[in-house]
Amino acid sequence: MIVLGIETSCDETAAAVLKNGEILSDIVLSQVIHSEFGGVVPELASREHQKALPVIITEALKKAGICKEDIEGIAVTYGPGLIGALLIGLGFAKGLAYSLNIPIIGVNHLEGHLWAYTLEHDIITDKFITLIISGGHSIIVKVNGFGNYSVLGQTLDDACGEAFDKVAKLLGLGYPGGKRIDELAKEGDPQFHKFPVLKSPPENMNLSFSGLKTAVLYYLNSLSEEYKKNHISDICASFQYTVSKILISKVFKALEMEKIEHLVLAGGVAANSYLKQTFSETADKKGINLIIPSPRYCTDNGAVIAKAGTVYLKKKIYSSIELDAVPSLKLV
Ligand code: KG4
Ligand code: ZN
């Protein structure tokens with residue numbers, strides 16, 4: 001079964017071809033235009049998708065060694081995301097599906113992230129917990145099988161990736177800055193500065209990052225430019241230490257309360273090397289089976305959309321050609 005996956009929910013224009021769930025091609029174009037504005041400009045994102053998507057799809061088909069008539073289904077992100085950006089992917093997918101007379105499958109972007117690990121691993125078990133940490137979401141999800149999810153907790157304010165990007169901006173590291181913080185922190189001391197962590201009852205699985213972001217802002221305002229420059233790696237490492245502490249306390253409590261021994265990380269921030277290390281150490285200590293996809297499959301791409309789409313296609317669950325974009329689509 002050959003499936004084309006299309007992803008345009010934010011600032012990555014991406015397309016991938018999967019054959020029976022195996023990747024034949026996977027092309028991602030990260031829009032660089034937004035870096036000069038310090039964040040994604042929705043109007044520009046749509047225009048960039050409009051320009052790039054036909055080229056990216058053509059490249060994905062060529063790399064997969066197939067022609068468009070070989071495609072048996074088109075999986076496309078229909079939410080959550082930027083409305084204009086989603087509509088570009090959706091419009092293209094509909095046109096192509098209509099002209100080829102093949103099914104279109106609308107995929108929830110979060111469900112794509114959730115099953116990303118299955119591009120590289122077999123399905124671990126029917127029951128596991130996933131932490132999705134991306135630029136727009138931070139959710140702890142209990143998975144009871146495909147399509148059966150319950151949200152145990154989520155951020156009450158900023159998403160985890162948003163906190164990384166905002167702190168990166170405060171440090172003058174450009175947009176998106178999560179990866180830059182990760183790189184700089186490798187040279188820094190995680191214990192250099194202790195940022196406060198909001199205490200909440202252990203059974204409360206919700207997350208919060210805006211307090212940490214504000215704490216970083218006040219701390220930076222209290223420093224001289226020279227001190228900041230000399231200790232930028234230490235500040236990045238201390239910020240990551242705090243993020244890790246927040247996430248680990250909540251996620252491992254959720255595993256304990258739900259009596260689940262399998263944990264999957266997903267979303268762009270799961271590409272972070274320090275989080276990978278601290279989660280792995282904690283999982284080892286607590287006897288938890290931890291899976292983290294390769295960085296490429298943590299961040300946005302078409303392969304994860306095609307993968308979820310393949311499952312729907314196999315179940316013969318298709319979307320209508322009237323499928324609309326849903327910017328605030330929820331996982332459950
Ligand atoms: O999943 P994703 O590609 O897009 C969304 O669905 O939002 O996640 C993007 C987010 C951005 O906030 C970016 O800064 C962050 O993931 N990110 C990282 C790393 N790589 C990407 N954050 C921390 N460390 C990284 N290595
Ligand atoms: Zn994403």
# chains A, B, ... in the order shown; residues from 1 in each chain; ligands from 1
>>> residues_near_ligand(ligand="ligand 1", cutoff="6 Å", atoms="only C-alpha atoms and all ligand atoms", output="list in words")
Ser134, Gly135, Gly136, Gly161, Glu162, Phe164, Asp165, Pro176, Gly177, Gly178, Lys179, Asp182, Gly267, Gly268, Val269, Ala271, Asn272, Thr299 and Asp300 of chain A
>>> write_last_selection(atoms="N, CA, C and O atoms", output="PDB file, in the first residue's frame")
ATOM      1  N   SER A 134       6.053  19.783  21.771  1.00  0.00           N
ATOM      2  CA  SER A 134       6.385  20.416  20.491  1.00  0.00           C
ATOM      3  C   SER A 134       6.280  21.928  20.636  1.00  0.00           C
ATOM      4  O   SER A 134       6.141  22.442  21.747  1.00  0.00           O
ATOM      5  N   GLY A 135       6.314  22.621  19.489  1.00  0.00           N
ATOM      6  CA  GLY A 135       6.241  24.077  19.528  1.00  0.00           C
ATOM      7  C   GLY A 135       4.862  24.574  19.931  1.00  0.00           C
ATOM      8  O   GLY A 135       4.708  25.674  20.452  1.00  0.00           O
ATOM      9  N   GLY A 136       3.848  23.756  19.707  1.00  0.00           N
ATOM     10  CA  GLY A 136       2.479  24.202  19.998  1.00  0.00           C
ATOM     11  C   GLY A 136       1.784  23.398  21.080  1.00  0.00           C
ATOM     12  O   GLY A 136       0.698  23.772  21.534  1.00  0.00           O
ATOM     13  N   GLY A 161       8.045  23.684  23.673  1.00  0.00           N
ATOM     14  CA  GLY A 161       8.881  24.226  22.591  1.00  0.00           C
ATOM     15  C   GLY A 161       8.795  25.744  22.527  1.00  0.00           C
ATOM     16  O   GLY A 161       9.777  26.424  22.204  1.00  0.00           O
ATOM     17  N   GLU A 162       7.601  26.249  22.855  1.00  0.00           N
ATOM     18  CA  GLU A 162       7.401  27.698  22.867  1.00  0.00           C
ATOM     19  C   GLU A 162       8.315  28.329  23.929  1.00  0.00           C
ATOM     20  O   GLU A 162       8.910  29.381  23.692  1.00  0.00           O
ATOM     21  N   PHE A 164      11.161  27.067  25.025  1.00  0.00           N
ATOM     22  CA  PHE A 164      12.522  27.012  24.470  1.00  0.00           C
ATOM     23  C   PHE A 164      12.734  28.177  23.500  1.00  0.00           C
ATOM     24  O   PHE A 164      13.748  28.876  23.560  1.00  0.00           O
ATOM     25  N   ASP A 165      11.763  28.385  22.600  1.00  0.00           N
ATOM     26  CA  ASP A 165      11.931  29.421  21.569  1.00  0.00           C
ATOM     27  C   ASP A 165      11.935  30.821  22.173  1.00  0.00           C
ATOM     28  O   ASP A 165      12.689  31.693  21.729  1.00  0.00           O
ATOM     29  N   PRO A 176      13.800  29.150  15.005  1.00  0.00           N
ATOM     30  CA  PRO A 176      13.451  28.598  16.310  1.00  0.00           C
ATOM     31  C   PRO A 176      14.721  28.237  17.077  1.00  0.00           C
ATOM     32  O   PRO A 176      15.678  27.734  16.504  1.00  0.00           O
ATOM     33  N   GLY A 177      14.712  28.502  18.369  1.00  0.00           N
ATOM     34  CA  GLY A 177      15.967  28.432  19.108  1.00  0.00           C
ATOM     35  C   GLY A 177      16.178  27.193  19.957  1.00  0.00           C
ATOM     36  O   GLY A 177      17.204  27.070  20.633  1.00  0.00           O
ATOM     37  N   GLY A 178      15.197  26.249  19.951  1.00  0.00           N
ATOM     38  CA  GLY A 178      15.332  25.060  20.801  1.00  0.00           C
ATOM     39  C   GLY A 178      16.624  24.305  20.546  1.00  0.00           C
ATOM     40  O   GLY A 178      17.359  23.956  21.485  1.00  0.00           O
ATOM     41  N   LYS A 179      16.915  24.088  19.286  1.00  0.00           N
ATOM     42  CA  LYS A 179      18.102  23.318  18.921  1.00  0.00           C
ATOM     43  C   LYS A 179      19.385  24.051  19.326  1.00  0.00           C
ATOM     44  O   LYS A 179      20.356  23.448  19.770  1.00  0.00           O
ATOM     45  N   ASP A 182      19.960  23.632  22.980  1.00  0.00           N
ATOM     46  CA  ASP A 182      20.463  22.267  23.160  1.00  0.00           C
ATOM     47  C   ASP A 182      21.980  22.227  22.906  1.00  0.00           C
ATOM     48  O   ASP A 182      22.756  21.712  23.731  1.00  0.00           O
ATOM     49  N   GLY A 267       7.465  14.705  19.393  1.00  0.00           N
ATOM     50  CA  GLY A 267       7.436  16.156  19.171  1.00  0.00           C
ATOM     51  C   GLY A 267       8.835  16.737  19.139  1.00  0.00           C
ATOM     52  O   GLY A 267       9.801  16.126  19.614  1.00  0.00           O
ATOM     53  N   GLY A 268       8.939  17.929  18.557  1.00  0.00           N
ATOM     54  CA  GLY A 268      10.247  18.554  18.316  1.00  0.00           C
ATOM     55  C   GLY A 268      11.169  18.611  19.515  1.00  0.00           C
ATOM     56  O   GLY A 268      12.377  18.365  19.394  1.00  0.00           O
ATOM     57  N   VAL A 269      10.630  18.894  20.703  1.00  0.00           N
ATOM     58  CA  VAL A 269      11.505  19.040  21.882  1.00  0.00           C
ATOM     59  C   VAL A 269      12.079  17.685  22.318  1.00  0.00           C
ATOM     60  O   VAL A 269      13.113  17.631  22.993  1.00  0.00           O
ATOM     61  N   ALA A 271      13.645  15.901  20.572  1.00  0.00           N
ATOM     62  CA  ALA A 271      14.945  15.782  19.896  1.00  0.00           C
ATOM     63  C   ALA A 271      16.068  16.312  20.792  1.00  0.00           C
ATOM     64  O   ALA A 271      17.247  16.151  20.476  1.00  0.00           O
ATOM     65  N   ASN A 272      15.703  16.904  21.914  1.00  0.00           N
ATOM     66  CA  ASN A 272      16.702  17.523  22.797  1.00  0.00           C
ATOM     67  C   ASN A 272      17.617  16.484  23.451  1.00  0.00           C
ATOM     68  O   ASN A 272      17.144  15.541  24.091  1.00  0.00           O
ATOM     69  N   THR A 299      10.697  16.015  15.031  1.00  0.00           N
ATOM     70  CA  THR A 299      10.213  17.276  14.451  1.00  0.00           C
ATOM     71  C   THR A 299       9.250  16.979  13.296  1.00  0.00           C
ATOM     72  O   THR A 299       9.103  15.836  12.871  1.00  0.00           O
ATOM     73  N   ASP A 300       8.605  18.030  12.802  1.00  0.00           N
ATOM     74  CA  ASP A 300       7.537  17.852  11.815  1.00  0.00           C
ATOM     75  C   ASP A 300       8.045  17.263  10.495  1.00  0.00           C
ATOM     76  O   ASP A 300       9.084  17.662   9.986  1.00  0.00           O
TER      77      ASP A 300
END
>>> residues_around(residues="A:Leu18", least_positions_apart="4", cutoff="6 Å", atoms="only C-alpha atoms", output="ChimeraX atom specification")
/A:2-3,22-24
>>> residues_around(residues="A:Arg47", least_positions_apart="5", cutoff="12 Å", atoms="only C-alpha atoms", output="NGL selection string")
:A and (8 or 10-11 or 13 or 31 or 33-34 or 41-42 or 52-53 or 84-89)
>>> atom_distance(atom1="atom CA of A:Leu114", atom2="atom CA of A:Phe209")
21.4 Å
>>> select_by_dssp(residues="stretch 210-316 of chain A", states="alpha helix (DSSP H)", output="number ranges by chain")
A: 210-221, 225-230, 232-258, 273-286, 295-298, 302-314
>>> residues_around(residues="A:Gly287", least_positions_apart="3", cutoff="8 Å", atoms="only C-alpha atoms", output="list in words")
Glu261, Ala283 and Asp284 of chain A
>>> closest_residue(among="A:Ile140, A:Ile305, A:Leu119, A:Leu152", to="ligand 2", atoms="only C-alpha atoms and all ligand atoms")
A:Ile305
>>> decode(residues="stretch 252-289 of chain A", atoms="N, CA and C atoms", output="mmCIF file, in the first residue's frame")
data_model
loop_
_atom_site.group_PDB
_atom_site.id
_atom_site.type_symbol
_atom_site.label_atom_id
_atom_site.label_comp_id
_atom_site.auth_asym_id
_atom_site.auth_seq_id
_atom_site.Cartn_x
_atom_site.Cartn_y
_atom_site.Cartn_z
ATOM 1 N N PHE A 252 6.802 10.630 35.089
ATOM 2 C CA PHE A 252 7.057 9.381 35.815
ATOM 3 C C PHE A 252 6.009 9.159 36.919
ATOM 4 N N LYS A 253 5.442 10.251 37.413
ATOM 5 C CA LYS A 253 4.314 10.107 38.357
ATOM 6 C C LYS A 253 3.107 9.512 37.619
ATOM 7 N N ALA A 254 2.895 9.988 36.388
ATOM 8 C CA ALA A 254 1.770 9.472 35.585
ATOM 9 C C ALA A 254 1.947 7.971 35.335
ATOM 10 N N LEU A 255 3.175 7.549 35.022
ATOM 11 C CA LEU A 255 3.450 6.121 34.780
ATOM 12 C C LEU A 255 3.145 5.304 36.037
ATOM 13 N N GLU A 256 3.562 5.868 37.179
ATOM 14 C CA GLU A 256 3.349 5.167 38.447
ATOM 15 C C GLU A 256 1.847 5.070 38.759
ATOM 16 N N MET A 257 1.147 6.185 38.610
ATOM 17 C CA MET A 257 -0.285 6.186 38.942
ATOM 18 C C MET A 257 -1.094 5.282 38.023
ATOM 19 N N GLU A 258 -0.679 5.233 36.753
ATOM 20 C CA GLU A 258 -1.419 4.419 35.776
ATOM 21 C C GLU A 258 -0.902 2.981 35.725
ATOM 22 N N LYS A 259 0.165 2.706 36.486
ATOM 23 C CA LYS A 259 0.805 1.374 36.504
ATOM 24 C C LYS A 259 1.182 0.932 35.084
ATOM 25 N N ILE A 260 1.841 1.849 34.369
ATOM 26 C CA ILE A 260 2.281 1.570 32.991
ATOM 27 C C ILE A 260 3.812 1.604 32.969
ATOM 28 N N GLU A 261 4.401 0.687 32.188
ATOM 29 C CA GLU A 261 5.869 0.579 32.190
ATOM 30 C C GLU A 261 6.498 0.986 30.866
ATOM 31 N N HIS A 262 5.707 1.540 29.962
ATOM 32 C CA HIS A 262 6.232 1.924 28.646
ATOM 33 C C HIS A 262 5.996 3.410 28.397
ATOM 34 N N LEU A 263 7.063 4.091 28.003
ATOM 35 C CA LEU A 263 6.986 5.539 27.783
ATOM 36 C C LEU A 263 7.564 5.892 26.417
ATOM 37 N N VAL A 264 6.837 6.746 25.692
ATOM 38 C CA VAL A 264 7.305 7.200 24.378
ATOM 39 C C VAL A 264 7.364 8.730 24.411
ATOM 40 N N LEU A 265 8.457 9.283 23.918
ATOM 41 C CA LEU A 265 8.518 10.742 23.774
ATOM 42 C C LEU A 265 8.268 11.092 22.315
ATOM 43 N N ALA A 266 7.690 12.258 22.079
ATOM 44 C CA ALA A 266 7.383 12.672 20.710
ATOM 45 C C ALA A 266 7.375 14.191 20.621
ATOM 46 N N GLY A 267 7.465 14.705 19.393
ATOM 47 C CA GLY A 267 7.436 16.156 19.171
ATOM 48 C C GLY A 267 8.835 16.737 19.139
ATOM 49 N N GLY A 268 8.939 17.929 18.557
ATOM 50 C CA GLY A 268 10.247 18.554 18.316
ATOM 51 C C GLY A 268 11.169 18.611 19.515
ATOM 52 N N VAL A 269 10.630 18.894 20.703
ATOM 53 C CA VAL A 269 11.505 19.040 21.882
ATOM 54 C C VAL A 269 12.079 17.685 22.318
ATOM 55 N N ALA A 270 11.425 16.587 21.899
ATOM 56 C CA ALA A 270 11.958 15.256 22.236
ATOM 57 C C ALA A 270 13.285 15.000 21.516
ATOM 58 N N ALA A 271 13.645 15.901 20.572
ATOM 59 C CA ALA A 271 14.945 15.782 19.896
ATOM 60 C C ALA A 271 16.068 16.312 20.792
ATOM 61 N N ASN A 272 15.703 16.904 21.914
ATOM 62 C CA ASN A 272 16.702 17.523 22.797
ATOM 63 C C ASN A 272 17.617 16.484 23.451
ATOM 64 N N SER A 273 18.919 16.705 23.327
ATOM 65 C CA SER A 273 19.855 15.675 23.784
ATOM 66 C C SER A 273 19.904 15.561 25.319
ATOM 67 N N TYR A 274 19.733 16.689 26.017
ATOM 68 C CA TYR A 274 19.761 16.618 27.486
ATOM 69 C C TYR A 274 18.521 15.881 28.019
ATOM 70 N N LEU A 275 17.367 16.161 27.407
ATOM 71 C CA LEU A 275 16.146 15.461 27.838
ATOM 72 C C LEU A 275 16.274 13.966 27.570
ATOM 73 N N LYS A 276 16.886 13.653 26.423
ATOM 74 C CA LYS A 276 17.090 12.240 26.082
ATOM 75 C C LYS A 276 17.909 11.562 27.186
ATOM 76 N N GLN A 277 18.961 12.258 27.608
ATOM 77 C CA GLN A 277 19.848 11.698 28.647
ATOM 78 C C GLN A 277 19.129 11.569 29.991
ATOM 79 N N THR A 278 18.438 12.622 30.424
ATOM 80 C CA THR A 278 17.822 12.579 31.762
ATOM 81 C C THR A 278 16.635 11.610 31.789
ATOM 82 N N PHE A 279 15.861 11.588 30.703
ATOM 83 C CA PHE A 279 14.739 10.633 30.656
ATOM 84 C C PHE A 279 15.269 9.193 30.647
ATOM 85 N N SER A 280 16.352 8.960 29.889
ATOM 86 C CA SER A 280 16.917 7.601 29.810
ATOM 87 C C SER A 280 17.417 7.150 31.184
ATOM 88 N N GLU A 281 18.122 8.067 31.878
ATOM 89 C CA GLU A 281 18.658 7.713 33.204
ATOM 90 C C GLU A 281 17.510 7.384 34.171
ATOM 91 N N THR A 282 16.484 8.216 34.150
ATOM 92 C CA THR A 282 15.362 8.000 35.077
ATOM 93 C C THR A 282 14.616 6.705 34.724
ATOM 94 N N ALA A 283 14.429 6.490 33.412
ATOM 95 C CA ALA A 283 13.721 5.275 32.982
ATOM 96 C C ALA A 283 14.502 4.034 33.413
ATOM 97 N N ASP A 284 15.823 4.070 33.258
ATOM 98 C CA ASP A 284 16.664 2.928 33.668
ATOM 99 C C ASP A 284 16.484 2.653 35.152
ATOM 100 N N LYS A 285 16.538 3.727 35.939
ATOM 101 C CA LYS A 285 16.429 3.599 37.400
ATOM 102 C C LYS A 285 15.084 3.003 37.808
ATOM 103 N N LYS A 286 14.023 3.401 37.087
ATOM 104 C CA LYS A 286 12.680 2.998 37.486
ATOM 105 C C LYS A 286 12.154 1.789 36.714
ATOM 106 N N GLY A 287 13.005 1.225 35.864
ATOM 107 C CA GLY A 287 12.599 0.031 35.111
ATOM 108 C C GLY A 287 11.522 0.314 34.072
ATOM 109 N N ILE A 288 11.588 1.481 33.465
ATOM 110 C CA ILE A 288 10.610 1.862 32.435
ATOM 111 C C ILE A 288 11.233 1.680 31.055
ATOM 112 N N ASN A 289 10.462 1.089 30.152
ATOM 113 C CA ASN A 289 10.916 0.945 28.766
ATOM 114 C C ASN A 289 10.647 2.270 28.044
#
